[in-house]
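Containing PDB, C-alpha atoms and all ligand atoms: structure-v7.pdb.
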```pdb
ATOM      1  CA  MET A1402      -3.639  13.655  21.308  1.00  0.00           C
ATOM      2  CA  PRO A1403      -0.358  11.774  21.854  1.00  0.00           C
ATOM      3  CA  PRO A1404       0.720   8.963  19.560  1.00  0.00           C
ATOM      4  CA  ILE A1405      -0.695   5.492  20.010  1.00  0.00           C
ATOM      5  CA  ILE A1406       2.185   3.140  20.818  1.00  0.00           C
ATOM      6  CA  LYS A1407       2.021  -0.319  19.272  1.00  0.00           C
ATOM      7  CA  THR A1408       4.144  -1.842  22.004  1.00  0.00           C
ATOM      8  CA  PRO A1409       4.818  -5.236  20.338  1.00  0.00           C
ATOM      9  CA  LYS A1410       6.336  -3.419  17.341  1.00  0.00           C
ATOM     10  CA  CYS A1411       8.554  -1.110  19.451  1.00  0.00           C
ATOM     11  CA  THR A1412      12.215  -2.136  19.412  1.00  0.00           C
ATOM     12  CA  GLY A1413      13.237   0.373  22.083  1.00  0.00           C
ATOM     13  CA  CYS A1414      15.604   2.141  19.697  1.00  0.00           C
ATOM     14  CA  GLY A1415      15.075   5.510  21.400  1.00  0.00           C
ATOM     15  CA  ALA A1416      14.607   7.567  18.217  1.00  0.00           C
ATOM     16  CA  CYS A1417      11.286   8.967  19.484  1.00  0.00           C
ATOM     17  CA  GLU A1418      12.873   9.855  22.818  1.00  0.00           C
ATOM     18  CA  ASN A1419      15.679  11.725  21.080  1.00  0.00           C
ATOM     19  CA  ILE A1420      13.484  13.736  18.734  1.00  0.00           C
ATOM     20  CA  CYS A1421      10.515  14.756  20.908  1.00  0.00           C
ATOM     21  CA  PRO A1422      10.792  18.539  21.323  1.00  0.00           C
ATOM     22  CA  GLY A1423       8.831  18.390  24.556  1.00  0.00           C
ATOM     23  CA  ASP A1424      10.958  15.618  26.071  1.00  0.00           C
ATOM     24  CA  LEU A1425       7.789  13.570  26.472  1.00  0.00           C
ATOM     25  CA  MET A1426       8.786  10.249  24.925  1.00  0.00           C
ATOM     26  CA  VAL A1427      10.906   7.893  27.002  1.00  0.00           C
ATOM     27  CA  VAL A1428      12.029   4.302  26.682  1.00  0.00           C
ATOM     28  CA  GLU A1429      11.533   2.241  29.800  1.00  0.00           C
ATOM     29  CA  GLU A1430      12.231  -1.466  30.054  1.00  0.00           C
ATOM     30  CA  GLY A1431      12.864  -1.546  26.319  1.00  0.00           C
ATOM     31  CA  LYS A1432       9.569   0.023  25.241  1.00  0.00           C
ATOM     32  CA  ALA A1433       8.528   3.579  24.418  1.00  0.00           C
ATOM     33  CA  LEU A1434       5.929   5.504  26.349  1.00  0.00           C
ATOM     34  CA  CYS A1435       4.641   9.057  26.463  1.00  0.00           C
ATOM     35  CA  ARG A1436       5.155  10.272  30.002  1.00  0.00           C
ATOM     36  CA  SER A1437       2.828  13.261  29.828  1.00  0.00           C
ATOM     37  CA  ARG A1438       0.033  12.716  27.337  1.00  0.00           C
ATOM     38  CA  ARG A1439      -1.641  16.049  28.014  1.00  0.00           C
ATOM     39  CA  ASP A1440       1.525  17.962  27.060  1.00  0.00           C
ATOM     40  CA  CYS A1441       1.781  16.446  23.570  1.00  0.00           C
ATOM     41  CA  TRP A1442       0.972  18.975  20.861  1.00  0.00           C
ATOM     42  CA  ASP A1443       0.782  16.502  17.955  1.00  0.00           C
ATOM     43  CA  CYS A1444       3.925  17.618  16.150  1.00  0.00           C
ATOM     44  CA  MET A1445       4.246  14.043  14.851  1.00  0.00           C
ATOM     45  CA  SER A1446       8.052  14.068  14.963  1.00  0.00           C
ATOM     46  CA  CYS A1447       8.125  10.834  16.945  1.00  0.00           C
ATOM     47  CA  VAL A1448       5.656   9.158  14.602  1.00  0.00           C
ATOM     48  CA  LYS A1449       7.678  10.057  11.528  1.00  0.00           C
ATOM     49  CA  VAL A1450      11.048   9.057  12.965  1.00  0.00           C
ATOM     50  CA  CYS A1451      10.013   5.646  14.282  1.00  0.00           C
ATOM     51  CA  PRO A1452      11.721   3.038  12.076  1.00  0.00           C
ATOM     52  CA  ALA A1453       9.352   0.282  13.186  1.00  0.00           C
ATOM     53  CA  GLN A1454       6.021   2.012  12.483  1.00  0.00           C
ATOM     54  CA  ALA A1455       5.250   1.428  16.141  1.00  0.00           C
ATOM     55  CA  LEU A1456       3.649   4.861  16.546  1.00  0.00           C
ATOM     56  CA  GLU A1457       0.481   6.115  14.920  1.00  0.00           C
ATOM     57  CA  ILE A1458      -1.779   9.116  15.202  1.00  0.00           C
ATOM     58  CA  ARG A1459      -5.496   8.623  15.731  1.00  0.00           C
ATOM     59  CA  ILE A1460      -7.455  11.154  13.745  1.00  0.00           C
ATOM     60  CA  PRO A1461      -9.523  13.252  16.185  1.00  0.00           C
ATOM     61  CA  TYR A1462     -13.258  12.857  16.489  1.00  0.00           C
ATOM     62  CA  GLN A1463     -13.880  16.192  14.801  1.00  0.00           C
ATOM     63  CA  LEU A1464     -12.008  15.070  11.670  1.00  0.00           C
ATOM     64  CA  GLY A1465     -12.404  11.353  11.291  1.00  0.00           C
ATOM     65  CA  TYR A1466     -13.629   9.733  14.511  1.00  0.00           C
ATOM     66  CA  TYR A1467     -11.271   7.870  16.766  1.00  0.00           C
ATOM     67  CA  PRO A1468     -10.723   4.551  14.908  1.00  0.00           C
ATOM     68  CA  ALA A1469      -9.459   6.459  11.866  1.00  0.00           C
ATOM     69  CA  LYS A1470      -5.660   6.602  11.878  1.00  0.00           C
ATOM     70  CA  LEU A1471      -2.630   8.002  10.136  1.00  0.00           C
ATOM     71  CA  VAL A1472       0.695   6.143   9.882  1.00  0.00           C
ATOM     72  CA  PRO A1473       3.819   7.497   8.137  1.00  0.00           C
ATOM     73  CA  GLU A1474       6.652   5.503   6.626  1.00  0.00           C
ATOM     74  CA  MET A1475       9.908   7.274   5.786  1.00  0.00           C
ATOM     75  CA  GLN A1476      11.349   6.311   2.411  1.00  0.00           C
ATOM     76  CA  GLY A1477      14.488   8.367   1.784  1.00  0.00           C
ATOM     77  CA  LYS A1478      13.305  11.803   0.665  1.00  0.00           C
ATOM     78  CA  GLU A1479       9.616  10.918   0.897  1.00  0.00           C
ATOM     79  CA  ILE A1480       7.059  10.073   3.531  1.00  0.00           C
ATOM     80  CA  ILE A1481       4.337   7.627   2.580  1.00  0.00           C
ATOM     81  CA  TRP A1482       1.268   8.378   4.706  1.00  0.00           C
ATOM     82  CA  THR A1483      -1.302   5.610   5.112  1.00  0.00           C
ATOM     83  CA  VAL A1484      -4.733   6.875   6.094  1.00  0.00           C
ATOM     84  CA  THR A1485      -7.235   4.309   7.370  1.00  0.00           C
ATOM     85  CA  ASP A1486     -10.862   5.362   7.634  1.00  0.00           C
ATOM     86  CA  LEU A1487     -13.604   4.085   9.936  1.00  0.00           C
ATOM     87  CA  ASP A1488     -14.365   1.120   7.668  1.00  0.00           C
ATOM     88  CA  GLY A1489     -10.744   0.056   7.402  1.00  0.00           C
ATOM     89  CA  LYS A1490     -10.332   1.425   3.877  1.00  0.00           C
ATOM     90  CA  GLU A1491      -6.755   2.553   3.283  1.00  0.00           C
ATOM     91  CA  GLU A1492      -5.362   5.279   1.095  1.00  0.00           C
ATOM     92  CA  LYS A1493      -1.699   6.184   0.659  1.00  0.00           C
ATOM     93  CA  PHE A1494      -0.245   9.617   0.004  1.00  0.00           C
ATOM     94  CA  THR A1495       3.383  10.306  -0.824  1.00  0.00           C
ATOM     95  CA  VAL A1496       4.868  13.622   0.288  1.00  0.00           C
ATOM     96  CA  LYS A1497       8.413  14.808  -0.411  1.00  0.00           C
ATOM     97  CA  VAL A1498      10.439  15.980   2.591  1.00  0.00           C
ATOM     98  CA  ARG A1499      12.637  19.046   2.573  1.00  0.00           C
ATOM     99  CA  ASN A1500      15.497  17.781   4.708  1.00  0.00           C
TER     100      ASN A1500
HETATM  101  S1  LIG B   1       3.807  14.106  18.737  1.00  0.00           S
HETATM  102 FE1  LIG B   1       5.537  15.535  19.081  1.00  0.00          FE
HETATM  103  S2  LIG B   1       5.185  16.391  21.120  1.00  0.00           S
HETATM  104 FE2  LIG B   1       3.870  14.586  20.944  1.00  0.00          FE
HETATM  105  S3  LIG B   1       5.082  12.926  21.875  1.00  0.00           S
HETATM  106 FE3  LIG B   1       5.489  12.905  19.645  1.00  0.00          FE
HETATM  107  S4  LIG B   1       7.317  14.159  19.330  1.00  0.00           S
HETATM  108 FE4  LIG B   1       6.515  14.592  21.400  1.00  0.00          FE
HETATM  109  S1  LIG B   2      11.149   5.174  17.693  1.00  0.00           S
HETATM  110 FE1  LIG B   2       9.597   3.521  17.535  1.00  0.00          FE
HETATM  111  S2  LIG B   2      10.765   1.623  17.818  1.00  0.00           S
HETATM  112 FE2  LIG B   2      12.076   3.301  18.533  1.00  0.00          FE
HETATM  113  S3  LIG B   2      11.663   3.417  20.763  1.00  0.00           S
HETATM  114 FE3  LIG B   2      10.266   4.886  19.753  1.00  0.00          FE
HETATM  115  S4  LIG B   2       8.366   3.730  19.388  1.00  0.00           S
HETATM  116 FE4  LIG B   2       9.978   2.230  19.843  1.00  0.00          FE
END
```

Final structure tokens representation of the file:
Amino acid sequence: MPPIIKTPKCTGCGACENICPGDLMVVEEGKALCRSRRDCWDCMSCVKVCPAQALEIRIPYQLGYYPAKLVPEMQGKEIIWTVTDLDGKEEKFTVKVRN
């Protein structure tokens, strides 16, 4: 499932376009889009690199039903993951990064 793009938040910086290993993310007219949704393999590189938190992953039906979502925020050597469940309840998890 490709990332959900929160278009109003997107600044068109191109970081997602540069990092996508499948060359799927592009910036057109100043906003990001995924040009081949079916080819996305959920590596989440684009979601993690976005400095504007404009990208988020919807947790699949089998795991959390569609409205549940996962949004990362890079903070130096850590990623703070915000998980939102079906009822809007949020939990945050901090994970150290290796690079
Ligand atoms: S999740 Fe990975 S493969 Fe999918 S669009 Fe983002 S960077 Fe590309
Ligand atoms: S990294 Fe985020 S802000 Fe930058 S172009 Fe992609 S979606 Fe937009």

Find the nearest atom pair between each residue of chain A and ligand LIG 1 (chain B) for residues within 9 Å, count all atoms listed in the file, give distances in Å to one decimal, sort rows by chain and ascending number, and present the table as a Markdown table.
```
| residue | atom | partner | partner_atom | distance |
| --- | --- | --- | --- | --- |
| A:Met1402 | CA | B:LIG1 | FE2 | 7.6 |
| A:Pro1403 | CA | B:LIG1 | FE2 | 5.2 |
| A:Pro1404 | CA | B:LIG1 | S1 | 6.1 |
| A:Cys1417 | CA | B:LIG1 | S4 | 6.5 |
| A:Glu1418 | CA | B:LIG1 | S4 | 7.8 |
| A:Asn1419 | CA | B:LIG1 | S4 | 8.9 |
| A:Ile1420 | CA | B:LIG1 | S4 | 6.2 |
| A:Cys1421 | CA | B:LIG1 | S4 | 3.6 |
| A:Pro1422 | CA | B:LIG1 | FE4 | 5.8 |
| A:Gly1423 | CA | B:LIG1 | S2 | 5.4 |
| A:Asp1424 | CA | B:LIG1 | FE4 | 6.5 |
| A:Leu1425 | CA | B:LIG1 | FE4 | 5.3 |
| A:Met1426 | CA | B:LIG1 | S3 | 5.5 |
| A:Leu1434 | CA | B:LIG1 | S3 | 8.7 |
| A:Cys1435 | CA | B:LIG1 | S3 | 6.0 |
| A:Arg1436 | CA | B:LIG1 | S3 | 8.5 |
| A:Ser1437 | CA | B:LIG1 | S3 | 8.3 |
| A:Arg1438 | CA | B:LIG1 | S3 | 7.4 |
| A:Asp1440 | CA | B:LIG1 | S2 | 7.2 |
| A:Cys1441 | CA | B:LIG1 | FE2 | 3.8 |
| A:Trp1442 | CA | B:LIG1 | S2 | 4.9 |
| A:Asp1443 | CA | B:LIG1 | S1 | 3.9 |
| A:Cys1444 | CA | B:LIG1 | FE1 | 3.9 |
| A:Met1445 | CA | B:LIG1 | S1 | 3.9 |
| A:Ser1446 | CA | B:LIG1 | S4 | 4.4 |
| A:Cys1447 | CA | B:LIG1 | S4 | 4.2 |
| A:Val1448 | CA | B:LIG1 | FE3 | 6.3 |
| A:Lys1449 | CA | B:LIG1 | S4 | 8.8 |
| A:Val1450 | CA | B:LIG1 | S4 | 9.0 |
| A:Leu1456 | CA | B:LIG1 | FE3 | 8.8 |
| A:Ile1458 | CA | B:LIG1 | S1 | 8.3 |
```

Contacts to ligand LIG 2 (chain B) at 7 Å cut-off (only C-alpha atoms and all ligand atoms) as a list in words: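 What falls inside 7 Å of ligand LIG 2 (chain B) is Ile1406, Lys1410, Cys1411, Thr1412, Gly1413, Cys1414, Gly1415, Ala1416, Cys1417, Glu1418, Val1428, Lys1432, Ala1433, Cys1447, Val1450, Cys1451, Pro1452, Ala1453, Gln1454, Ala1455 and Leu1456 of chain A.
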
Pick from A:Gly1477, A:Trp1482, A:Val1472, A:Val1496, whichever lies nearest to Ile1405 in chain A using all atoms listed in the file: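 Of all the options, A:Val1472 lies closest to Ile1405 in chain A.
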
Could you jot down the CA of Ile1460 in chain A to CA of Lys1493 in chain A separation for me, Å, one decimal place? 15.1 Å

Would you compute the distance between CA of Thr1495 in chain A and CA of Lys1407 in chain A? Give it in Å to one decimal.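 Interatomic distance, CA of Thr1495 in chain A to CA of Lys1407 in chain A: 22.8 Å.
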
In terms of the shortest atom-to-atom distance over all atoms listed in the file, which of A:Arg1459, A:Lys1470, A:Lys1478, A:Arg1439 is closest to Lys1497 in chain A? A:Lys1478

Please provide as an MDAnalysis selection string all residues within 10 Å of Ala1469 in chain A, with the sequence filter that same-chain residues fewer than 6 positions apart are discarded (counting only C-alpha atoms). chainID A and resid 1458:1462 1484:1491

Interatomic distance, CA of Gln1476 in chain A to CA of Val1498 in chain A (Å, one decimal): 9.7 Å

Looking at A:Glu1457, A:Thr1408, A:Gly1431, A:Pro1473, which one is nearest to Glu1492 in chain A, with distances taken over only C-alpha atoms? A:Pro1473

How would range 1407-1418 of chain A read, as a PDB file, in the frame of the given file, once all heavy atoms are built in?
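File result_35.pdb, as written:
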```
ATOM      1  N   LYS A1407       2.236   1.104  19.526  1.00  0.00           N
ATOM      2  CA  LYS A1407       2.021  -0.319  19.272  1.00  0.00           C
ATOM      3  C   LYS A1407       3.187  -1.062  19.927  1.00  0.00           C
ATOM      4  O   LYS A1407       4.198  -1.348  19.280  1.00  0.00           O
ATOM      5  CB  LYS A1407       1.984  -0.593  17.767  1.00  0.00           C
ATOM      6  CG  LYS A1407       0.924   0.200  17.031  1.00  0.00           C
ATOM      7  CD  LYS A1407      -0.447  -0.273  17.421  1.00  0.00           C
ATOM      8  CE  LYS A1407      -1.404  -0.168  16.280  1.00  0.00           C
ATOM      9  NZ  LYS A1407      -2.749  -0.587  16.679  1.00  0.00           N
ATOM     10  N   THR A1408       3.033  -1.334  21.194  1.00  0.00           N
ATOM     11  CA  THR A1408       4.144  -1.842  22.004  1.00  0.00           C
ATOM     12  C   THR A1408       4.828  -3.087  21.417  1.00  0.00           C
ATOM     13  O   THR A1408       6.065  -3.162  21.427  1.00  0.00           O
ATOM     14  CB  THR A1408       3.657  -2.108  23.440  1.00  0.00           C
ATOM     15  OG1 THR A1408       3.097  -0.894  23.942  1.00  0.00           O
ATOM     16  CG2 THR A1408       4.796  -2.519  24.344  1.00  0.00           C
ATOM     17  N   PRO A1409       4.104  -4.069  20.884  1.00  0.00           N
ATOM     18  CA  PRO A1409       4.818  -5.236  20.338  1.00  0.00           C
ATOM     19  C   PRO A1409       5.777  -4.888  19.201  1.00  0.00           C
ATOM     20  O   PRO A1409       6.776  -5.577  18.983  1.00  0.00           O
ATOM     21  CB  PRO A1409       3.683  -6.144  19.832  1.00  0.00           C
ATOM     22  CG  PRO A1409       2.490  -5.723  20.634  1.00  0.00           C
ATOM     23  CD  PRO A1409       2.646  -4.246  20.854  1.00  0.00           C
ATOM     24  N   LYS A1410       5.466  -3.803  18.455  1.00  0.00           N
ATOM     25  CA  LYS A1410       6.336  -3.419  17.341  1.00  0.00           C
ATOM     26  C   LYS A1410       7.547  -2.612  17.798  1.00  0.00           C
ATOM     27  O   LYS A1410       8.524  -2.484  17.067  1.00  0.00           O
ATOM     28  CB  LYS A1410       5.553  -2.560  16.338  1.00  0.00           C
ATOM     29  CG  LYS A1410       4.598  -3.312  15.445  1.00  0.00           C
ATOM     30  CD  LYS A1410       4.032  -2.332  14.440  1.00  0.00           C
ATOM     31  CE  LYS A1410       3.284  -3.020  13.337  1.00  0.00           C
ATOM     32  NZ  LYS A1410       2.781  -2.031  12.359  1.00  0.00           N
ATOM     33  N   CYS A1411       7.479  -1.999  18.976  1.00  0.00           N
ATOM     34  CA  CYS A1411       8.554  -1.110  19.451  1.00  0.00           C
ATOM     35  C   CYS A1411       9.808  -1.929  19.756  1.00  0.00           C
ATOM     36  O   CYS A1411       9.760  -2.913  20.497  1.00  0.00           O
ATOM     37  CB  CYS A1411       8.088  -0.359  20.697  1.00  0.00           C
ATOM     38  SG  CYS A1411       9.383   0.654  21.439  1.00  0.00           S
ATOM     39  N   THR A1412      10.938  -1.456  19.194  1.00  0.00           N
ATOM     40  CA  THR A1412      12.215  -2.136  19.412  1.00  0.00           C
ATOM     41  C   THR A1412      13.030  -1.469  20.516  1.00  0.00           C
ATOM     42  O   THR A1412      14.129  -1.923  20.835  1.00  0.00           O
ATOM     43  CB  THR A1412      13.053  -2.125  18.123  1.00  0.00           C
ATOM     44  OG1 THR A1412      13.319  -0.756  17.776  1.00  0.00           O
ATOM     45  CG2 THR A1412      12.328  -2.818  16.976  1.00  0.00           C
ATOM     46  N   GLY A1413      12.507  -0.340  21.031  1.00  0.00           N
ATOM     47  CA  GLY A1413      13.237   0.373  22.083  1.00  0.00           C
ATOM     48  C   GLY A1413      14.439   1.126  21.575  1.00  0.00           C
ATOM     49  O   GLY A1413      15.364   1.416  22.343  1.00  0.00           O
ATOM     50  N   CYS A1414      14.422   1.510  20.305  1.00  0.00           N
ATOM     51  CA  CYS A1414      15.604   2.141  19.697  1.00  0.00           C
ATOM     52  C   CYS A1414      15.889   3.529  20.266  1.00  0.00           C
ATOM     53  O   CYS A1414      17.005   4.017  20.183  1.00  0.00           O
ATOM     54  CB  CYS A1414      15.445   2.222  18.185  1.00  0.00           C
ATOM     55  SG  CYS A1414      14.224   3.449  17.641  1.00  0.00           S
ATOM     56  N   GLY A1415      14.870   4.196  20.778  1.00  0.00           N
ATOM     57  CA  GLY A1415      15.075   5.510  21.400  1.00  0.00           C
ATOM     58  C   GLY A1415      14.967   6.695  20.454  1.00  0.00           C
ATOM     59  O   GLY A1415      15.149   7.836  20.873  1.00  0.00           O
ATOM     60  N   ALA A1416      14.683   6.449  19.173  1.00  0.00           N
ATOM     61  CA  ALA A1416      14.607   7.567  18.217  1.00  0.00           C
ATOM     62  C   ALA A1416      13.511   8.555  18.609  1.00  0.00           C
ATOM     63  O   ALA A1416      13.692   9.769  18.489  1.00  0.00           O
ATOM     64  CB  ALA A1416      14.362   7.029  16.801  1.00  0.00           C
ATOM     65  N   CYS A1417      12.390   8.071  19.078  1.00  0.00           N
ATOM     66  CA  CYS A1417      11.286   8.967  19.484  1.00  0.00           C
ATOM     67  C   CYS A1417      11.692   9.781  20.711  1.00  0.00           C
ATOM     68  O   CYS A1417      11.377  10.968  20.815  1.00  0.00           O
ATOM     69  CB  CYS A1417      10.013   8.173  19.751  1.00  0.00           C
ATOM     70  SG  CYS A1417      10.192   6.874  20.991  1.00  0.00           S
ATOM     71  N   GLU A1418      12.408   9.166  21.611  1.00  0.00           N
ATOM     72  CA  GLU A1418      12.873   9.855  22.818  1.00  0.00           C
ATOM     73  C   GLU A1418      13.832  10.982  22.447  1.00  0.00           C
ATOM     74  O   GLU A1418      13.779  12.079  22.996  1.00  0.00           O
ATOM     75  CB  GLU A1418      13.566   8.856  23.743  1.00  0.00           C
ATOM     76  CG  GLU A1418      14.021   9.433  25.052  1.00  0.00           C
ATOM     77  CD  GLU A1418      14.631   8.366  25.964  1.00  0.00           C
ATOM     78  OE1 GLU A1418      15.024   7.299  25.462  1.00  0.00           O
ATOM     79  OE2 GLU A1418      14.701   8.596  27.170  1.00  0.00           O
TER      80      GLU A1418
END
```
